[in-house]
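Shown here: run.pdb, PDB, N, CA and C atoms.
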MODEL        1
ATOM      1  N   MET M   1     -16.581   0.271   9.027
ATOM      2  CA  MET M   1     -16.272   0.089  10.419
ATOM      3  C   MET M   1     -14.774  -0.153  10.549
ATOM      4  N   ARG M   2     -14.164   0.516  11.486
ATOM      5  CA  ARG M   2     -12.730   0.347  11.726
ATOM      6  C   ARG M   2     -12.509  -0.928  12.532
ATOM      7  N   ILE M   3     -11.556  -1.736  12.098
ATOM      8  CA  ILE M   3     -11.203  -2.948  12.837
ATOM      9  C   ILE M   3      -9.700  -2.972  13.039
ATOM     10  N   MET M   4      -9.292  -3.700  14.065
ATOM     11  CA  MET M   4      -7.876  -3.834  14.388
ATOM     12  C   MET M   4      -7.644  -5.260  14.861
ATOM     13  N   CYS M   5      -6.493  -5.776  14.556
ATOM     14  CA  CYS M   5      -6.132  -7.130  14.965
ATOM     15  C   CYS M   5      -5.549  -7.092  16.372
ATOM     16  N   ARG M   6      -5.944  -8.040  17.193
ATOM     17  CA  ARG M   6      -5.446  -8.087  18.566
ATOM     18  C   ARG M   6      -4.047  -8.686  18.655
ATOM     19  N   ALA M   7      -3.651  -9.465  17.656
ATOM     20  CA  ALA M   7      -2.312 -10.075  17.663
ATOM     21  C   ALA M   7      -1.270  -9.029  17.282
ATOM     22  N   THR M   8      -0.082  -9.210  17.796
ATOM     23  CA  THR M   8       1.010  -8.296  17.457
ATOM     24  C   THR M   8       2.102  -8.993  16.658
ATOM     25  N   VAL M   9       2.091 -10.310  16.658
ATOM     26  CA  VAL M   9       3.075 -11.098  15.930
ATOM     27  C   VAL M   9       2.333 -11.973  14.925
ATOM     28  N   PRO M  10       2.711 -11.907  13.649
ATOM     29  CA  PRO M  10       2.026 -12.731  12.658
ATOM     30  C   PRO M  10       2.415 -14.200  12.761
ATOM     31  N   ALA M  11       1.514 -15.055  12.339
ATOM     32  CA  ALA M  11       1.805 -16.482  12.274
ATOM     33  C   ALA M  11       2.857 -16.744  11.205
ATOM     34  N   THR M  12       3.584 -17.825  11.367
ATOM     35  CA  THR M  12       4.571 -18.220  10.361
ATOM     36  C   THR M  12       3.842 -18.785   9.144
ATOM     37  N   GLU M  13       4.574 -18.942   8.060
ATOM     38  CA  GLU M  13       3.965 -19.479   6.837
ATOM     39  C   GLU M  13       3.358 -20.862   7.077
ATOM     40  N   SER M  14       4.054 -21.719   7.796
ATOM     41  CA  SER M  14       3.520 -23.068   8.060
ATOM     42  C   SER M  14       2.282 -23.002   8.957
ATOM     43  N   GLN M  15       2.264 -22.090   9.910
ATOM     44  CA  GLN M  15       1.077 -21.927  10.751
ATOM     45  C   GLN M  15      -0.103 -21.414   9.935
ATOM     46  N   VAL M  16       0.163 -20.496   9.004
ATOM     47  CA  VAL M  16      -0.897 -19.970   8.145
ATOM     48  C   VAL M  16      -1.481 -21.091   7.304
ATOM     49  N   VAL M  17      -0.625 -21.873   6.678
ATOM     50  CA  VAL M  17      -1.083 -22.958   5.812
ATOM     51  C   VAL M  17      -1.942 -23.950   6.601
ATOM     52  N   ALA M  18      -1.460 -24.351   7.768
ATOM     53  CA  ALA M  18      -2.201 -25.320   8.587
ATOM     54  C   ALA M  18      -3.539 -24.746   9.054
ATOM     55  N   SER M  19      -3.548 -23.504   9.484
ATOM     56  CA  SER M  19      -4.775 -22.897   9.992
ATOM     57  C   SER M  19      -5.797 -22.669   8.881
ATOM     58  N   VAL M  20      -5.336 -22.235   7.709
ATOM     59  CA  VAL M  20      -6.254 -22.045   6.578
ATOM     60  C   VAL M  20      -6.901 -23.373   6.225
ATOM     61  N   GLN M  21      -6.100 -24.438   6.126
ATOM     62  CA  GLN M  21      -6.640 -25.760   5.786
ATOM     63  C   GLN M  21      -7.639 -26.230   6.836
ATOM     64  N   GLU M  22      -7.287 -26.080   8.105
ATOM     65  CA  GLU M  22      -8.179 -26.508   9.185
ATOM     66  C   GLU M  22      -9.490 -25.712   9.169
ATOM     67  N   THR M  23      -9.394 -24.418   8.995
ATOM     68  CA  THR M  23     -10.587 -23.570   8.984
ATOM     69  C   THR M  23     -11.491 -23.917   7.808
ATOM     70  N   LEU M  24     -10.906 -24.078   6.633
ATOM     71  CA  LEU M  24     -11.714 -24.429   5.461
ATOM     72  C   LEU M  24     -12.340 -25.809   5.614
ATOM     73  N   ASP M  25     -11.596 -26.761   6.184
ATOM     74  CA  ASP M  25     -12.157 -28.097   6.427
ATOM     75  C   ASP M  25     -13.329 -28.041   7.403
ATOM     76  N   ARG M  26     -13.144 -27.301   8.490
ATOM     77  CA  ARG M  26     -14.217 -27.193   9.486
ATOM     78  C   ARG M  26     -15.451 -26.504   8.908
ATOM     79  N   ARG M  27     -15.243 -25.411   8.182
ATOM     80  CA  ARG M  27     -16.375 -24.696   7.581
ATOM     81  C   ARG M  27     -17.070 -25.567   6.539
ATOM     82  N   GLY M  28     -16.269 -26.321   5.772
ATOM     83  CA  GLY M  28     -16.833 -27.181   4.733
ATOM     84  C   GLY M  28     -17.630 -28.354   5.278
ATOM     85  N   SER M  29     -17.345 -28.751   6.500
ATOM     86  CA  SER M  29     -18.051 -29.894   7.099
ATOM     87  C   SER M  29     -19.402 -29.501   7.707
ATOM     88  N   MET M  30     -19.699 -28.214   7.721
ATOM     89  CA  MET M  30     -20.948 -27.721   8.319
ATOM     90  C   MET M  30     -21.891 -27.224   7.234
ATOM     91  N   ALA M  31     -23.160 -27.495   7.439
ATOM     92  CA  ALA M  31     -24.164 -27.001   6.488
ATOM     93  C   ALA M  31     -24.258 -25.476   6.555
ATOM     94  N   HIS M  32     -24.202 -24.941   7.743
ATOM     95  CA  HIS M  32     -24.295 -23.489   7.948
ATOM     96  C   HIS M  32     -23.245 -23.076   8.977
ATOM     97  N   ALA M  33     -22.033 -22.894   8.508
ATOM     98  CA  ALA M  33     -20.937 -22.527   9.416
ATOM     99  C   ALA M  33     -21.179 -21.133   9.982
ATOM    100  N   PRO M  34     -20.951 -20.957  11.279
ATOM    101  CA  PRO M  34     -21.135 -19.623  11.873
ATOM    102  C   PRO M  34     -20.064 -18.651  11.388
ATOM    103  N   VAL M  35     -20.429 -17.389  11.303
ATOM    104  CA  VAL M  35     -19.480 -16.363  10.857
ATOM    105  C   VAL M  35     -18.296 -16.284  11.816
ATOM    106  N   SER M  36     -18.488 -16.690  13.046
ATOM    107  CA  SER M  36     -17.416 -16.624  14.043
ATOM    108  C   SER M  36     -16.321 -17.666  13.819
ATOM    109  N   LEU M  37     -16.566 -18.653  12.963
ATOM    110  CA  LEU M  37     -15.551 -19.666  12.677
ATOM    111  C   LEU M  37     -14.575 -19.090  11.654
ATOM    112  N   ALA M  38     -13.465 -18.557  12.164
ATOM    113  CA  ALA M  38     -12.489 -17.860  11.325
ATOM    114  C   ALA M  38     -11.082 -18.179  11.818
ATOM    115  N   VAL M  39     -10.115 -17.821  11.007
ATOM    116  CA  VAL M  39      -8.721 -18.021  11.411
ATOM    117  C   VAL M  39      -8.404 -17.120  12.607
ATOM    118  N   PRO M  40      -7.413 -17.504  13.410
ATOM    119  CA  PRO M  40      -6.993 -16.652  14.540
ATOM    120  C   PRO M  40      -6.371 -15.340  14.053
ATOM    121  N   ASP M  41      -6.291 -14.388  14.946
ATOM    122  CA  ASP M  41      -5.750 -13.068  14.622
ATOM    123  C   ASP M  41      -4.333 -13.138  14.048
ATOM    124  N   ALA M  42      -3.465 -13.936  14.650
ATOM    125  CA  ALA M  42      -2.080 -14.025  14.170
ATOM    126  C   ALA M  42      -2.031 -14.553  12.733
ATOM    127  N   VAL M  43      -2.927 -15.442  12.404
ATOM    128  CA  VAL M  43      -2.988 -15.981  11.041
ATOM    129  C   VAL M  43      -3.484 -14.905  10.073
ATOM    130  N   ALA M  44      -4.466 -14.112  10.498
ATOM    131  CA  ALA M  44      -4.938 -13.010   9.659
ATOM    132  C   ALA M  44      -3.785 -12.055   9.352
ATOM    133  N   LEU M  45      -2.966 -11.760  10.357
ATOM    134  CA  LEU M  45      -1.793 -10.907  10.127
ATOM    135  C   LEU M  45      -0.806 -11.564   9.172
ATOM    136  N   GLY M  46      -0.578 -12.857   9.368
ATOM    137  CA  GLY M  46       0.339 -13.578   8.495
ATOM    138  C   GLY M  46      -0.110 -13.554   7.051
ATOM    139  N   ILE M  47      -1.409 -13.744   6.820
ATOM    140  CA  ILE M  47      -1.951 -13.703   5.461
ATOM    141  C   ILE M  47      -1.734 -12.316   4.857
ATOM    142  N   ALA M  48      -2.065 -11.292   5.605
ATOM    143  CA  ALA M  48      -1.884  -9.925   5.106
ATOM    144  C   ALA M  48      -0.430  -9.668   4.738
ATOM    145  N   GLY M  49       0.486 -10.191   5.531
ATOM    146  CA  GLY M  49       1.906  -9.990   5.266
ATOM    147  C   GLY M  49       2.363 -10.571   3.940
ATOM    148  N   PHE M  50       1.708 -11.632   3.483
ATOM    149  CA  PHE M  50       2.059 -12.241   2.196
ATOM    150  C   PHE M  50       1.751 -11.312   1.022
ATOM    151  N   PHE M  51       0.826 -10.375   1.213
ATOM    152  CA  PHE M  51       0.327  -9.578   0.100
ATOM    153  C   PHE M  51       0.723  -8.101   0.179
ATOM    154  N   VAL M  52       1.685  -7.789   1.020
ATOM    155  CA  VAL M  52       2.204  -6.421   1.093
ATOM    156  C   VAL M  52       2.904  -6.112  -0.221
ATOM    157  N   SER M  53       2.548  -4.986  -0.818
ATOM    158  CA  SER M  53       3.164  -4.575  -2.081
ATOM    159  C   SER M  53       2.991  -3.066  -2.252
ATOM    160  N   SER M  54       3.438  -2.568  -3.392
ATOM    161  CA  SER M  54       3.341  -1.129  -3.653
ATOM    162  C   SER M  54       2.001  -0.733  -4.277
ATOM    163  N   THR M  55       1.100  -1.687  -4.498
ATOM    164  CA  THR M  55      -0.226  -1.354  -5.020
ATOM    165  C   THR M  55      -1.076  -0.757  -3.905
ATOM    166  N   ASP M  56      -2.198  -0.150  -4.268
ATOM    167  CA  ASP M  56      -3.092   0.405  -3.243
ATOM    168  C   ASP M  56      -3.544  -0.676  -2.268
ATOM    169  N   SER M  57      -3.947  -1.827  -2.803
ATOM    170  CA  SER M  57      -4.403  -2.899  -1.920
ATOM    171  C   SER M  57      -3.250  -3.433  -1.079
ATOM    172  N   GLY M  58      -2.065  -3.520  -1.671
ATOM    173  CA  GLY M  58      -0.895  -3.987  -0.928
ATOM    174  C   GLY M  58      -0.504  -3.056   0.190
ATOM    175  N   ARG M  59      -0.640  -1.751  -0.037
ATOM    176  CA  ARG M  59      -0.336  -0.771   1.023
ATOM    177  C   ARG M  59      -1.363  -0.857   2.157
ATOM    178  N   LEU M  60      -2.626  -1.075   1.815
ATOM    179  CA  LEU M  60      -3.646  -1.218   2.854
ATOM    180  C   LEU M  60      -3.378  -2.481   3.675
ATOM    181  N   LEU M  61      -3.028  -3.574   2.998
ATOM    182  CA  LEU M  61      -2.693  -4.803   3.713
ATOM    183  C   LEU M  61      -1.448  -4.612   4.581
ATOM    184  N   GLU M  62      -0.502  -3.798   4.111
ATOM    185  CA  GLU M  62       0.681  -3.502   4.921
ATOM    186  C   GLU M  62       0.309  -2.713   6.176
ATOM    187  N   ARG M  63      -0.582  -1.741   6.041
ATOM    188  CA  ARG M  63      -1.026  -0.958   7.198
ATOM    189  C   ARG M  63      -1.671  -1.885   8.232
ATOM    190  N   PHE M  64      -2.495  -2.808   7.762
ATOM    191  CA  PHE M  64      -3.112  -3.788   8.659
ATOM    192  C   PHE M  64      -2.037  -4.682   9.273
ATOM    193  N   PHE M  65      -1.124  -5.171   8.450
ATOM    194  CA  PHE M  65      -0.056  -6.064   8.898
ATOM    195  C   PHE M  65       0.813  -5.416   9.969
ATOM    196  N   ARG M  66       1.065  -4.141   9.835
ATOM    197  CA  ARG M  66       1.930  -3.418  10.779
ATOM    198  C   ARG M  66       1.187  -2.969  12.033
ATOM    199  N   GLY M  67      -0.075  -3.336  12.151
ATOM    200  CA  GLY M  67      -0.793  -3.073  13.386
ATOM    201  C   GLY M  67      -1.716  -1.887  13.372
ATOM    202  N   GLY M  68      -1.892  -1.291  12.235
ATOM    203  CA  GLY M  68      -2.818  -0.169  12.160
ATOM    204  C   GLY M  68      -4.255  -0.637  12.027
ATOM    205  N   ASP M  69      -5.142   0.202  12.440
ATOM    206  CA  ASP M  69      -6.540  -0.146  12.236
ATOM    207  C   ASP M  69      -6.905   0.234  10.805
ATOM    208  N   VAL M  70      -7.810  -0.522  10.228
ATOM    209  CA  VAL M  70      -8.231  -0.295   8.849
ATOM    210  C   VAL M  70      -9.750  -0.380   8.773
ATOM    211  N   ASP M  71     -10.277   0.177   7.722
ATOM    212  CA  ASP M  71     -11.712   0.082   7.473
ATOM    213  C   ASP M  71     -12.020  -1.314   6.964
ATOM    214  N   SER M  72     -13.020  -1.954   7.535
ATOM    215  CA  SER M  72     -13.339  -3.331   7.158
ATOM    216  C   SER M  72     -13.741  -3.439   5.691
ATOM    217  N   ALA M  73     -14.507  -2.496   5.190
ATOM    218  CA  ALA M  73     -14.929  -2.540   3.780
ATOM    219  C   ALA M  73     -13.724  -2.375   2.855
ATOM    220  N   ALA M  74     -12.812  -1.483   3.208
ATOM    221  CA  ALA M  74     -11.609  -1.285   2.396
ATOM    222  C   ALA M  74     -10.734  -2.537   2.405
ATOM    223  N   LEU M  75     -10.646  -3.192   3.554
ATOM    224  CA  LEU M  75      -9.857  -4.418   3.639
ATOM    225  C   LEU M  75     -10.488  -5.517   2.794
ATOM    226  N   LEU M  76     -11.811  -5.628   2.825
ATOM    227  CA  LEU M  76     -12.483  -6.621   1.987
ATOM    228  C   LEU M  76     -12.277  -6.323   0.501
ATOM    229  N   GLU M  77     -12.269  -5.051   0.128
ATOM    230  CA  GLU M  77     -12.000  -4.677  -1.264
ATOM    231  C   GLU M  77     -10.577  -5.059  -1.662
ATOM    232  N   ALA M  78      -9.622  -4.826  -0.774
ATOM    233  CA  ALA M  78      -8.227  -5.181  -1.056
ATOM    234  C   ALA M  78      -8.095  -6.696  -1.218
ATOM    235  N   VAL M  79      -8.766  -7.446  -0.372
ATOM    236  CA  VAL M  79      -8.734  -8.902  -0.465
ATOM    237  C   VAL M  79      -9.313  -9.350  -1.809
ATOM    238  N   ALA M  80     -10.446  -8.791  -2.193
ATOM    239  CA  ALA M  80     -11.075  -9.161  -3.464
ATOM    240  C   ALA M  80     -10.154  -8.829  -4.644
ATOM    241  N   PHE M  81      -9.496  -7.684  -4.595
ATOM    242  CA  PHE M  81      -8.572  -7.306  -5.656
ATOM    243  C   PHE M  81      -7.429  -8.317  -5.749
ATOM    244  N   GLU M  82      -6.824  -8.622  -4.614
ATOM    245  CA  GLU M  82      -5.690  -9.547  -4.598
ATOM    246  C   GLU M  82      -6.098 -10.942  -5.054
ATOM    247  N   GLN M  83      -7.334 -11.348  -4.769
ATOM    248  CA  GLN M  83      -7.791 -12.665  -5.205
ATOM    249  C   GLN M  83      -7.800 -12.780  -6.726
ATOM    250  N   GLY M  84      -7.958 -11.674  -7.412
ATOM    251  CA  GLY M  84      -7.953 -11.694  -8.866
ATOM    252  C   GLY M  84      -6.611 -12.077  -9.464
ATOM    253  N   TYR M  85      -5.550 -11.997  -8.679
ATOM    254  CA  TYR M  85      -4.204 -12.299  -9.159
ATOM    255  C   TYR M  85      -3.565 -13.457  -8.399
ATOM    256  N   ALA M  86      -4.307 -14.099  -7.534
ATOM    257  CA  ALA M  86      -3.745 -15.090  -6.620
ATOM    258  C   ALA M  86      -3.783 -16.507  -7.190
ATOM    259  N   SER M  87      -2.835 -17.310  -6.729
ATOM    260  CA  SER M  87      -2.866 -18.743  -7.015
ATOM    261  C   SER M  87      -4.012 -19.357  -6.207
ATOM    262  N   ALA M  88      -4.287 -20.617  -6.426
ATOM    263  CA  ALA M  88      -5.363 -21.292  -5.693
ATOM    264  C   ALA M  88      -5.116 -21.251  -4.183
ATOM    265  N   GLU M  89      -3.886 -21.487  -3.774
ATOM    266  CA  GLU M  89      -3.557 -21.484  -2.348
ATOM    267  C   GLU M  89      -3.687 -20.081  -1.761
ATOM    268  N   GLN M  90      -3.202 -19.097  -2.506
ATOM    269  CA  GLN M  90      -3.316 -17.714  -2.047
ATOM    270  C   GLN M  90      -4.776 -17.282  -1.985
ATOM    271  N   HIS M  91      -5.552 -17.710  -2.949
ATOM    272  CA  HIS M  91      -6.980 -17.384  -2.978
ATOM    273  C   HIS M  91      -7.662 -17.924  -1.723
ATOM    274  N   SER M  92      -7.322 -19.147  -1.344
ATOM    275  CA  SER M  92      -7.895 -19.751  -0.134
ATOM    276  C   SER M  92      -7.514 -18.960   1.111
ATOM    277  N   ALA M  93      -6.263 -18.558   1.183
ATOM    278  CA  ALA M  93      -5.812 -17.769   2.336
ATOM    279  C   ALA M  93      -6.546 -16.437   2.386
ATOM    280  N   LEU M  94      -6.681 -15.777   1.246
ATOM    281  CA  LEU M  94      -7.408 -14.502   1.203
ATOM    282  C   LEU M  94      -8.878 -14.689   1.558
ATOM    283  N   HIS M  95      -9.453 -15.801   1.148
ATOM    284  CA  HIS M  95     -10.839 -16.119   1.516
ATOM    285  C   HIS M  95     -10.959 -16.193   3.046
ATOM    286  N   CYS M  96      -9.977 -16.808   3.678
ATOM    287  CA  CYS M  96      -9.989 -16.903   5.139
ATOM    288  C   CYS M  96      -9.781 -15.539   5.788
ATOM    289  N   LEU M  97      -8.962 -14.687   5.178
ATOM    290  CA  LEU M  97      -8.792 -13.332   5.708
ATOM    291  C   LEU M  97     -10.106 -12.564   5.618
ATOM    292  N   ALA M  98     -10.816 -12.713   4.509
ATOM    293  CA  ALA M  98     -12.130 -12.070   4.371
ATOM    294  C   ALA M  98     -13.091 -12.594   5.440
ATOM    295  N   GLY M  99     -13.033 -13.887   5.711
ATOM    296  CA  GLY M  99     -13.863 -14.456   6.771
ATOM    297  C   GLY M  99     -13.509 -13.895   8.135
ATOM    298  N   TRP M 100     -12.216 -13.666   8.360
ATOM    299  CA  TRP M 100     -11.773 -13.064   9.619
ATOM    300  C   TRP M 100     -12.358 -11.662   9.764
ATOM    301  N   VAL M 101     -12.327 -10.882   8.678
ATOM    302  CA  VAL M 101     -12.881  -9.520   8.703
ATOM    303  C   VAL M 101     -14.366  -9.580   9.050
ATOM    304  N   ARG M 102     -15.104 -10.452   8.393
ATOM    305  CA  ARG M 102     -16.547 -10.567   8.650
ATOM    306  C   ARG M 102     -16.821 -10.983  10.095
ATOM    307  N   ALA M 103     -15.979 -11.857  10.640
ATOM    308  CA  ALA M 103     -16.145 -12.280  12.036
ATOM    309  C   ALA M 103     -15.918 -11.105  12.988
ATOM    310  N   ARG M 104     -14.898 -10.262  12.717
ATOM    311  CA  ARG M 104     -14.652  -9.100  13.570
ATOM    312  C   ARG M 104     -15.806  -8.112  13.500
ATOM    313  N   VAL M 105     -16.331  -7.888  12.297
ATOM    314  CA  VAL M 105     -17.479  -6.980  12.154
ATOM    315  C   VAL M 105     -18.682  -7.543  12.904
ATOM    316  N   HIS M 106     -18.892  -8.844  12.777
ATOM    317  CA  HIS M 106     -20.008  -9.494  13.472
ATOM    318  C   HIS M 106     -19.864  -9.361  14.986
ATOM    319  N   ASP M 107     -18.632  -9.564  15.482
ATOM    320  CA  ASP M 107     -18.361  -9.436  16.927
ATOM    321  C   ASP M 107     -18.709  -8.035  17.430
ATOM    322  N   ARG M 108     -18.321  -7.034  16.661
ATOM    323  CA  ARG M 108     -18.593  -5.645  17.074
ATOM    324  C   ARG M 108     -20.081  -5.327  16.982
ATOM    325  N   ASP M 109     -20.757  -5.859  15.978
ATOM    326  CA  ASP M 109     -22.196  -5.639  15.838
ATOM    327  C   ASP M 109     -22.967  -6.308  16.961
ATOM    328  N   ALA M 110     -22.470  -7.472  17.411
ATOM    329  CA  ALA M 110     -23.150  -8.231  18.462
ATOM    330  C   ALA M 110     -22.919  -7.633  19.840
ATOM    331  N   ALA M 111     -21.857  -6.872  19.997
ATOM    332  CA  ALA M 111     -21.501  -6.322  21.313
ATOM    333  C   ALA M 111     -22.406  -5.185  21.731
TER
ENDMDL
END

Rewrite the coordinates I just gave you, this time as structure tokens.
Amino acid sequence: MRIMCRATVPATESQVVASVQETLDRRGSMAHAPVSLAVPDAVALGIAGFFVSSTDSGRLLERFFRGGDVDSAALLEAVAFEQGYASAEQHSALHCLAGWVRARVHDRDAA
């Protein structure tokens, strides 16, 4: 499924860090967190911007970061690939980006 981010300006690094922590804390405090509990669009863009590179996954994240629509499954694959090389903090941010993708897919399925 093709998805696109509604934000046009990415969150700053400090906004990304704060939002990732808040989202993970909120999700962790619930027995069954809803799929809709995800980082905001600007934060999803900010996370993607951290992982832009010349690799296939980095180029896909760049396309998303620059405002292009991407395939949700391909974006999840890119996130999973990048998690294999990420620090703990980066892994958490990528986990939140994957959650954002799932929330967008859920929103479209529910509509």

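Among M:Ile47, M:Met1, M:Val17, M:Val39, the residue with the shortest atom-to-atom distance to Val70 in chain M, counting all atoms listed in the file, is M:Met1.
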
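Run against this file, the PyMOL selection byres (((chain M and resi 58 and name CA) around 12) and name CA) gives back Ile47, Ala48, Gly49, Phe50, Phe51, Val52, Ser53, Ser54, Thr55, Asp56, Ser57, Arg59, Leu60, Leu61, Glu62, Arg63, Phe64, Phe65, Ala74, Leu75, Glu77, Ala78, Val79, Ala80, Phe81, Glu82 and Gln83 of chain M.
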
- Query: Between M:Val101, M:Ala7, M:Arg108, M:Tyr85, which one has atoms that come closest to Asp41 in chain M, using all atoms listed in the file?
  - Reply: M:Ala7

- Task: Enumerate the residues of chain M with a DSSP assignment of alpha helix (DSSP H), computed from the backbone, and present them as a VMD selection string.
- Result: chain M and resid 13 to 28 41 to 50 56 to 65 72 to 83 88 to 110

- Query: Using the chain letters and numbers from the file, which residues does the PyMOL selection byres (((chain M and resi 99 and name CA) around 9) and name CA) grab, as a ChimeraX atom specification?
  - Reply: /M:35-39,94-98,100-104

- Message: As a check of understanding, name the residues that the PyMOL selection byres ((chain M and resi 6) around 8) selects in the supplied structure, as a PyMOL selection string.
- Response: chain M and resi 3-5+7-9+40-42

- Could you please write out, as a PyMOL selection string, every residue of chain M that DSSP assigns to strand (DSSP E)? chain M and resi 2-3+70-71

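A straight line drawn from atom N of Gly84 in chain M to CA of Asp109 in chain M is 27.9 Å long.
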
- Item | Pairwise distance for CA of Ser29 in chain M and atom C of Ala93 in chain M, rounded to one decimal in Å | 18.3 Å

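CA of Ala73 in chain M to CA of Ala18 in chain M spans 26.5 Å [interatomic distance, one decimal].
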